[in-house]
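Peer 1: Sending over data-v6.cif (mmCIF, C-alpha atoms).
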data_run
#
loop_
_atom_site.label_atom_id
_atom_site.label_comp_id
_atom_site.auth_asym_id
_atom_site.auth_seq_id
_atom_site.Cartn_x
_atom_site.Cartn_y
_atom_site.Cartn_z
CA MET A 1 74.01 67.68 29.65
CA THR A 2 76.32 65.29 31.51
CA ASP A 3 79.61 64.61 29.84
CA VAL A 4 80.50 61.02 29.16
CA ARG A 5 84.27 61.05 29.24
CA PRO A 6 85.65 58.22 31.37
CA THR A 7 87.24 59.27 34.62
CA ALA A 8 89.04 57.45 37.37
CA THR A 9 86.76 58.81 40.07
CA ARG A 10 83.42 57.22 40.91
CA ARG A 11 80.64 59.21 39.35
CA PRO A 12 76.95 58.42 39.52
CA ARG A 13 75.52 56.72 36.47
CA PRO A 14 72.52 58.33 34.79
CA THR A 15 69.21 57.15 36.31
CA GLY A 16 67.23 57.47 33.10
CA THR A 17 68.99 55.12 30.70
CA GLY A 18 69.33 51.36 30.32
CA PRO A 19 67.26 49.51 32.94
CA GLY A 20 66.37 52.95 34.28
CA ARG A 21 64.07 53.36 31.30
CA LEU A 22 61.84 50.67 32.75
CA VAL A 23 61.82 52.33 36.17
CA VAL A 24 60.99 55.70 34.62
CA ALA A 25 58.36 54.15 32.31
CA VAL A 26 56.48 52.44 35.13
CA TYR A 27 56.74 55.59 37.23
CA GLY A 28 55.35 57.58 34.31
CA VAL A 29 52.37 55.27 33.87
CA LEU A 30 51.62 55.38 37.59
CA ALA A 31 52.01 59.17 37.64
CA LEU A 32 49.53 59.50 34.77
CA ALA A 33 47.07 57.08 36.34
CA ALA A 34 47.24 58.58 39.83
CA THR A 35 47.24 62.24 38.73
CA THR A 36 44.33 61.93 36.30
CA ARG A 37 42.38 59.99 38.89
CA GLY A 38 43.20 62.57 41.56
CA VAL A 39 42.19 65.49 39.34
CA TYR A 40 38.98 63.68 38.47
CA GLN A 41 38.16 62.97 42.11
CA VAL A 42 38.93 66.49 43.32
CA ALA A 43 37.03 68.06 40.42
CA THR A 44 33.89 65.97 40.68
CA LYS A 45 33.37 64.79 44.26
CA LEU A 46 35.75 66.58 46.62
CA ASP A 47 33.10 67.00 49.32
CA GLU A 48 32.56 63.25 49.63
CA ALA A 49 35.99 62.51 51.06
CA PRO A 50 38.27 65.57 50.94
CA VAL A 51 41.19 63.98 52.76
CA ALA A 52 41.32 60.93 50.53
CA TYR A 53 40.89 62.82 47.27
CA LEU A 54 43.40 65.58 48.03
CA LEU A 55 45.84 62.89 49.11
CA SER A 56 45.12 61.03 45.90
CA LEU A 57 45.98 64.11 43.85
CA ALA A 58 49.08 64.85 45.95
CA ALA A 59 50.28 61.27 45.50
CA GLY A 60 49.86 61.59 41.74
CA LEU A 61 51.86 64.82 41.67
CA VAL A 62 54.65 63.25 43.75
CA TYR A 63 54.82 60.39 41.23
CA ALA A 64 55.01 62.93 38.42
CA VAL A 65 57.90 64.77 40.09
CA ALA A 66 59.67 61.47 40.80
CA THR A 67 59.30 60.46 37.16
CA PHE A 68 60.78 63.77 36.05
CA ALA A 69 63.63 63.51 38.57
CA LEU A 70 64.53 59.94 37.58
CA ALA A 71 64.30 60.67 33.87
CA THR A 72 66.57 63.70 34.07
CA GLY A 73 68.97 62.36 36.67
CA ARG A 74 68.09 64.80 39.45
CA ARG A 75 69.22 62.44 42.15
CA ALA A 76 68.44 64.50 45.27
CA LEU A 77 64.91 65.23 44.10
CA ALA A 78 64.46 61.58 43.17
CA TRP A 79 65.62 60.37 46.61
CA VAL A 80 63.17 62.70 48.35
CA THR A 81 60.13 61.94 46.18
CA VAL A 82 60.67 58.18 46.08
CA THR A 83 61.11 58.13 49.87
CA VAL A 84 57.90 60.14 50.26
CA GLU A 85 56.13 57.52 48.16
CA LEU A 86 57.39 54.65 50.27
CA VAL A 87 56.40 56.41 53.49
CA GLY A 88 53.06 57.37 51.93
CA VAL A 89 52.11 53.90 50.75
CA LEU A 90 53.12 52.35 54.08
CA THR A 91 51.33 54.98 56.18
CA VAL A 92 48.13 55.10 54.15
CA GLY A 93 48.24 51.34 53.74
CA VAL A 94 48.21 50.83 57.53
CA LEU A 95 45.68 53.62 58.13
CA SER A 96 43.31 52.29 55.49
CA LEU A 97 43.33 48.92 57.20
CA VAL A 98 42.85 50.33 60.70
CA ASP A 99 40.55 53.28 60.07
CA VAL A 100 38.29 52.92 57.05
CA GLY A 101 36.48 56.17 57.79
CA ASP A 102 39.08 58.67 56.64
CA PHE A 103 40.43 56.58 53.79
CA PRO A 104 37.73 54.95 51.74
CA ASP A 105 39.22 52.65 49.14
CA GLU A 106 39.93 55.51 46.78
CA THR A 107 43.62 56.47 46.66
CA VAL A 108 46.62 54.88 44.97
CA TRP A 109 48.06 54.12 48.35
CA SER A 110 44.99 52.54 49.97
CA ALA A 111 45.54 48.96 51.19
CA PHE A 112 49.19 49.20 50.12
CA GLY A 113 48.23 49.94 46.52
CA GLN A 114 46.07 46.87 46.10
CA GLY A 115 43.93 48.56 43.45
CA TYR A 116 47.03 49.05 41.32
CA GLY A 117 48.37 45.51 41.66
CA TYR A 118 50.63 46.55 44.56
CA VAL A 119 52.78 48.45 42.08
CA PRO A 120 52.76 51.53 44.40
CA LEU A 121 54.28 49.35 47.14
CA VAL A 122 56.95 47.68 45.01
CA LEU A 123 57.93 50.67 42.90
CA PRO A 124 59.48 52.89 45.62
CA VAL A 125 61.60 49.98 46.78
CA VAL A 126 62.77 49.39 43.22
CA GLY A 127 63.33 53.13 42.81
CA LEU A 128 65.45 53.40 45.96
CA TRP A 129 67.46 50.33 44.95
CA TRP A 130 68.00 51.80 41.50
CA LEU A 131 69.14 55.15 42.96
CA TRP A 132 71.51 53.35 45.31
CA ARG A 133 72.77 51.15 42.51
CA THR A 134 73.46 53.97 40.06
CA GLY A 135 74.83 56.14 42.88
CA ARG A 136 77.71 53.75 43.48
CA GLY A 137 78.97 55.04 40.18
CA THR A 138 81.09 53.52 37.50
CA THR A 139 84.13 51.65 38.70
CA ALA A 140 86.86 50.11 36.63
CA ASP A 141 85.42 46.61 36.47
CA ALA A 142 81.96 45.31 35.71
CA ASP A 143 80.06 48.55 35.32
CA SER A 144 82.47 50.42 33.11
CA ALA A 145 81.93 48.54 29.87
CA ASP A 146 78.44 49.11 28.49
CA PRO A 147 76.99 45.62 28.75
CA SER A 148 74.54 46.11 25.91
CA PRO A 149 75.89 47.96 22.87
CA ARG A 150 73.67 50.22 20.79
CA GLN A 151 71.74 48.38 18.11
CA PRO A 152 70.59 49.93 14.83
CA LEU A 153 66.90 50.70 14.48
CA GLY A 154 66.87 48.63 11.30
CA MET B 14 32.72 47.00 20.51
CA PRO B 15 34.80 44.99 17.99
CA LEU B 16 37.24 47.90 17.52
CA ALA B 17 38.19 47.70 21.19
CA LEU B 18 38.73 43.95 20.96
CA LEU B 19 40.94 44.52 17.92
CA VAL B 20 42.99 47.07 19.88
CA VAL B 21 43.42 44.63 22.79
CA ALA B 22 44.42 41.81 20.43
CA LEU B 23 46.97 43.98 18.59
CA CYS B 24 48.41 45.27 21.87
CA VAL B 25 48.84 41.77 23.22
CA ALA B 26 50.48 40.74 19.94
CA LEU B 27 52.78 43.79 20.08
CA ALA B 28 53.61 43.01 23.72
CA GLY B 29 54.44 39.42 22.76
CA TRP B 30 56.67 40.65 19.95
CA ALA B 31 58.45 43.06 22.30
CA GLY B 32 58.74 40.33 24.96
CA TRP B 33 60.40 38.04 22.45
CA PHE B 34 62.87 40.84 21.66
CA VAL B 35 63.58 41.26 25.38
CA ALA B 36 64.38 37.57 25.61
CA ARG B 37 66.65 37.83 22.55
CA ASP B 38 68.39 40.92 24.01
CA ARG B 39 67.34 43.09 21.09
CA ALA B 40 66.27 46.73 20.87
CA VAL B 41 62.97 47.83 19.34
CA VAL B 42 63.06 47.82 15.53
CA LEU B 43 61.25 50.16 13.18
CA ARG B 44 58.77 47.48 12.14
CA GLN B 45 57.49 47.28 15.72
CA LEU B 46 57.00 51.03 15.75
CA TRP B 47 54.85 50.72 12.63
CA GLY B 48 52.79 48.18 14.56
CA ALA B 49 52.52 50.63 17.44
CA ALA B 50 51.50 53.33 14.93
CA VAL B 51 48.65 51.12 13.68
CA VAL B 52 47.42 50.67 17.26
CA GLU B 53 47.73 54.42 17.86
CA GLY B 54 45.75 55.07 14.69
CA LEU B 55 42.98 52.79 15.93
CA LEU B 56 43.02 54.62 19.27
CA VAL B 57 42.58 57.96 17.48
CA VAL B 58 39.69 56.54 15.41
CA GLN B 59 38.15 55.21 18.59
CA ALA B 60 38.53 58.57 20.33
CA LEU B 61 36.89 60.33 17.37
CA LEU B 62 34.02 57.83 17.36
CA ALA B 63 33.62 58.30 21.10
CA GLY B 64 33.61 62.07 20.58
CA VAL B 65 30.85 61.83 17.97
CA LEU B 66 28.83 59.53 20.22
CA ALA B 67 29.32 61.93 23.12
CA LEU B 68 28.22 64.93 21.01
CA THR B 69 25.14 63.14 19.78
CA GLY B 70 24.56 62.37 23.42
CA SER B 71 23.86 58.68 23.14
CA PRO B 72 25.81 56.90 25.91
CA ASP B 73 25.57 58.43 29.33
CA VAL B 74 29.11 57.73 30.47
CA ASP B 75 30.94 59.63 33.18
CA ALA B 76 32.70 62.00 30.79
CA ALA B 77 35.71 62.95 32.93
CA LEU B 78 36.45 59.35 33.80
CA PHE B 79 36.05 58.20 30.22
CA TRP B 80 38.21 60.91 28.65
CA GLY B 81 40.83 60.46 31.34
CA TYR B 82 41.29 56.92 30.10
CA VAL B 83 41.15 57.90 26.42
CA VAL B 84 43.78 60.63 26.77
CA THR B 85 46.10 58.56 28.98
CA GLN B 86 45.85 55.71 26.52
CA ALA B 87 46.79 57.93 23.60
CA ILE B 88 49.94 59.23 25.31
CA VAL B 89 51.60 55.93 26.25
CA LEU B 90 52.67 54.48 22.89
CA PRO B 91 54.19 57.70 21.43
CA LEU B 92 56.34 58.04 24.56
CA ALA B 93 57.51 54.44 24.23
CA ALA B 94 58.28 55.08 20.55
CA ALA B 95 60.31 58.18 21.40
CA TRP B 96 62.35 56.08 23.80
CA ALA B 97 62.86 53.40 21.19
CA PHE B 98 64.92 55.98 19.28
CA ALA B 99 66.85 57.17 22.33
CA GLU B 100 67.56 53.82 23.96
CA ARG B 101 69.05 51.44 21.45
CA THR B 102 69.34 48.48 23.84
CA ARG B 103 67.06 45.68 25.03
CA TRP B 104 65.51 48.12 27.50
CA SER B 105 63.58 49.87 24.77
CA SER B 106 61.89 46.52 24.14
CA VAL B 107 61.06 46.24 27.84
CA VAL B 108 59.50 49.71 27.74
CA LEU B 109 57.49 48.85 24.61
CA LEU B 110 56.31 45.67 26.33
CA VAL B 111 55.10 47.65 29.36
CA ALA B 112 53.51 50.31 27.14
CA ALA B 113 51.60 47.79 25.01
CA LEU B 114 50.30 45.98 28.10
CA THR B 115 49.28 49.33 29.62
CA VAL B 116 47.26 50.27 26.54
CA ALA B 117 45.66 46.81 26.49
CA PHE B 118 44.73 47.15 30.15
CA LEU B 119 43.30 50.66 29.67
CA GLU B 120 41.29 49.39 26.70
CA TYR B 121 39.93 46.61 28.88
CA ARG B 122 38.93 49.17 31.52
CA LEU B 123 37.32 51.32 28.81
CA LEU B 124 35.30 48.28 27.73
CA GLN B 125 34.14 47.87 31.31
CA ILE B 126 33.06 51.52 31.53
CA TRP B 127 31.45 51.42 28.12
CA GLY B 128 30.00 47.97 28.55
CA SER B 129 28.03 49.06 31.58
CA VAL B 130 26.14 51.64 29.51
#
Please lay out the structure from this file as structure tokens.
Peer 2:
Amino acid sequence: MTDVRPTATRRPRPTGTGPGRLVVAVYGVLALAATTRGVYQVATKLDEAPVAYLLSLAAGLVYAVATFALATGRRALAWVTVTVELVGVLTVGVLSLVDVGDFPDETVWSAFGQGYGYVPLVLPVVGLWWLWRTGRGTTADADSADPSPRQPLG
Amino acid sequence: MPLALLVVALCVALAGWAGWFVARDRAVVLRQLWGAAVVEGLLVVQALLAGVLALTGSPDVDAALFWGYVVTQAIVLPLAAAWAFAERTRWSSVVLLVAALTVAFLEYRLLQIWGSV
């Protein structure tokens, strides 16, 4: 895996540790929720609204890939998938307000993720901020010392 | 379903415990994981009961929907527990907090699905 020896150069911090655990955890929950819902919709009632249900499943899979990328520190993949999510939630959010026909209230992204407490809208922004934040790397000052030391499980 | 109410109550209690640890800047301790294990045990019992009820064909629930919730619910706490070992900082408490609230919410949704039968 990544080596941890301190260097003078700026190197990206891991995306899956520390506060990143929270980002990955929420992504994981959303991935599970969206993917299982998408599979369920496609499996049981695809003919009712094929566009919405296939989109629902695709959104779930993108969340799953983003979760994997953030957890394992695959930064490029994470940037792409998180950006796709932001574009997706904004696009479908607008479309679902304007044109109800193609997007019945059935996907994670409908009405800007209202059905999921707007988590789908907030999460990509948090994800992009977190990628940017960790991407600045570890410099000599504030970030270098681990702010919270390891505690025993006790 | 009193079992479901018990699960919700325990999850909220576990979330409160984890939240207190977040505030105190502490990592998850083993005792909390035992608490999570008790909740997980109840979830397994509940899933088995649901399976028996489904086989005997009593409640006419949408099976895929129902089992989607049951399976998702069973996955969340073990993942949070695994992270409690890997991340020995306050952030493991944050994750446990989120996980416990997620299970409580899923249980509430299950009650809604079940309650309508």
Peer 1: Applied to the shown file, which residues does the PyMOL selection byres ((chain A) within 10 of (chain B)) return, written as a count of residues only?
Peer 2: 31
Peer 1: Residues picked by the PyMOL selection byres ((chain A and resi 72-80) around 10) here, as a PyMOL selection string?
Peer 2: chain A and resi 1-2+12-17+24+62-63+65-71+81-85+124+127-128+131-132+134-135
Peer 1: Leaving out Gly117 of chain A and any residue of its chain fewer than 6 positions from it, which residues lie within 12 Å of it when counting only C-alpha atoms, given as a ChimeraX atom specification?
Peer 2: /A:30,108-111,123
Peer 1: Would you write out, as a ChimeraX atom specification, every residue that the PyMOL selection byres ((chain B and resi 25) around 12) captures in this file?
Peer 2: /B:18-24,26-32,48-49,52,109-118,120-121
Peer 1: Put those residues in a file: C-alpha atoms, as a short mmCIF file (atom, residue, chain, number, x, y, z; two decimals), keeping the file's coordinate frame.
Peer 2:
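The resulting file, out-v9.cif, is reproduced below:
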data_model
loop_
_atom_site.label_atom_id
_atom_site.label_comp_id
_atom_site.auth_asym_id
_atom_site.auth_seq_id
_atom_site.Cartn_x
_atom_site.Cartn_y
_atom_site.Cartn_z
CA LEU B 18 38.73 43.95 20.96
CA LEU B 19 40.94 44.52 17.92
CA VAL B 20 42.99 47.07 19.88
CA VAL B 21 43.42 44.63 22.79
CA ALA B 22 44.42 41.81 20.43
CA LEU B 23 46.97 43.98 18.59
CA CYS B 24 48.41 45.27 21.87
CA ALA B 26 50.48 40.74 19.94
CA LEU B 27 52.78 43.79 20.08
CA ALA B 28 53.61 43.01 23.72
CA GLY B 29 54.44 39.42 22.76
CA TRP B 30 56.67 40.65 19.95
CA ALA B 31 58.45 43.06 22.30
CA GLY B 32 58.74 40.33 24.96
CA GLY B 48 52.79 48.18 14.56
CA ALA B 49 52.52 50.63 17.44
CA VAL B 52 47.42 50.67 17.26
CA LEU B 109 57.49 48.85 24.61
CA LEU B 110 56.31 45.67 26.33
CA VAL B 111 55.10 47.65 29.36
CA ALA B 112 53.51 50.31 27.14
CA ALA B 113 51.60 47.79 25.01
CA LEU B 114 50.30 45.98 28.10
CA THR B 115 49.28 49.33 29.62
CA VAL B 116 47.26 50.27 26.54
CA ALA B 117 45.66 46.81 26.49
CA PHE B 118 44.73 47.15 30.15
CA GLU B 120 41.29 49.39 26.70
CA TYR B 121 39.93 46.61 28.88
#
Peer 1: Let me make sure I understand: among B:Ala17, B:Leu66, B:Ala94, B:Ile126, which one has the smallest atom-to-atom distance to Gln45 of chain B if we use all atoms listed in the file?
Peer 2: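 Selected residue with least distance to Gln45 of chain B: B:Ala94.
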Peer 1: What is the atom CA of Tyr116 of chain A-atom CA of Leu90 of chain B distance in Å, reported with one decimal?
Peer 2: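 Pair atom CA of Tyr116 of chain A / atom CA of Leu90 of chain B returns 20.0 Å.
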Peer 1: Measure the distance from atom CA of Leu68 of chain B to atom CA of Pro15 of chain B in Å and round it to one decimal.
Peer 2: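 Between atom CA of Leu68 of chain B and atom CA of Pro15 of chain B the gap works out to 21.2 Å.
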Peer 1: Work out how far atom CA of Tyr27 of chain A is from atom CA of Leu61 of chain B, in Å to one decimal.
Peer 2: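 Atom CA of Leu61 of chain B sits 28.5 Å away from atom CA of Tyr27 of chain A.
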Peer 1: Around all of segment 110-123 of chain A's listed atoms, make the axis-aligned box with 6 Å on each side and tell me centre and edge lengths in Å to one decimal, as JSON.
Peer 2:
{"center_x": 50.9, "center_y": 49.0, "center_z": 46.3, "size_x": 26.0, "size_y": 19.0, "size_z": 21.9}
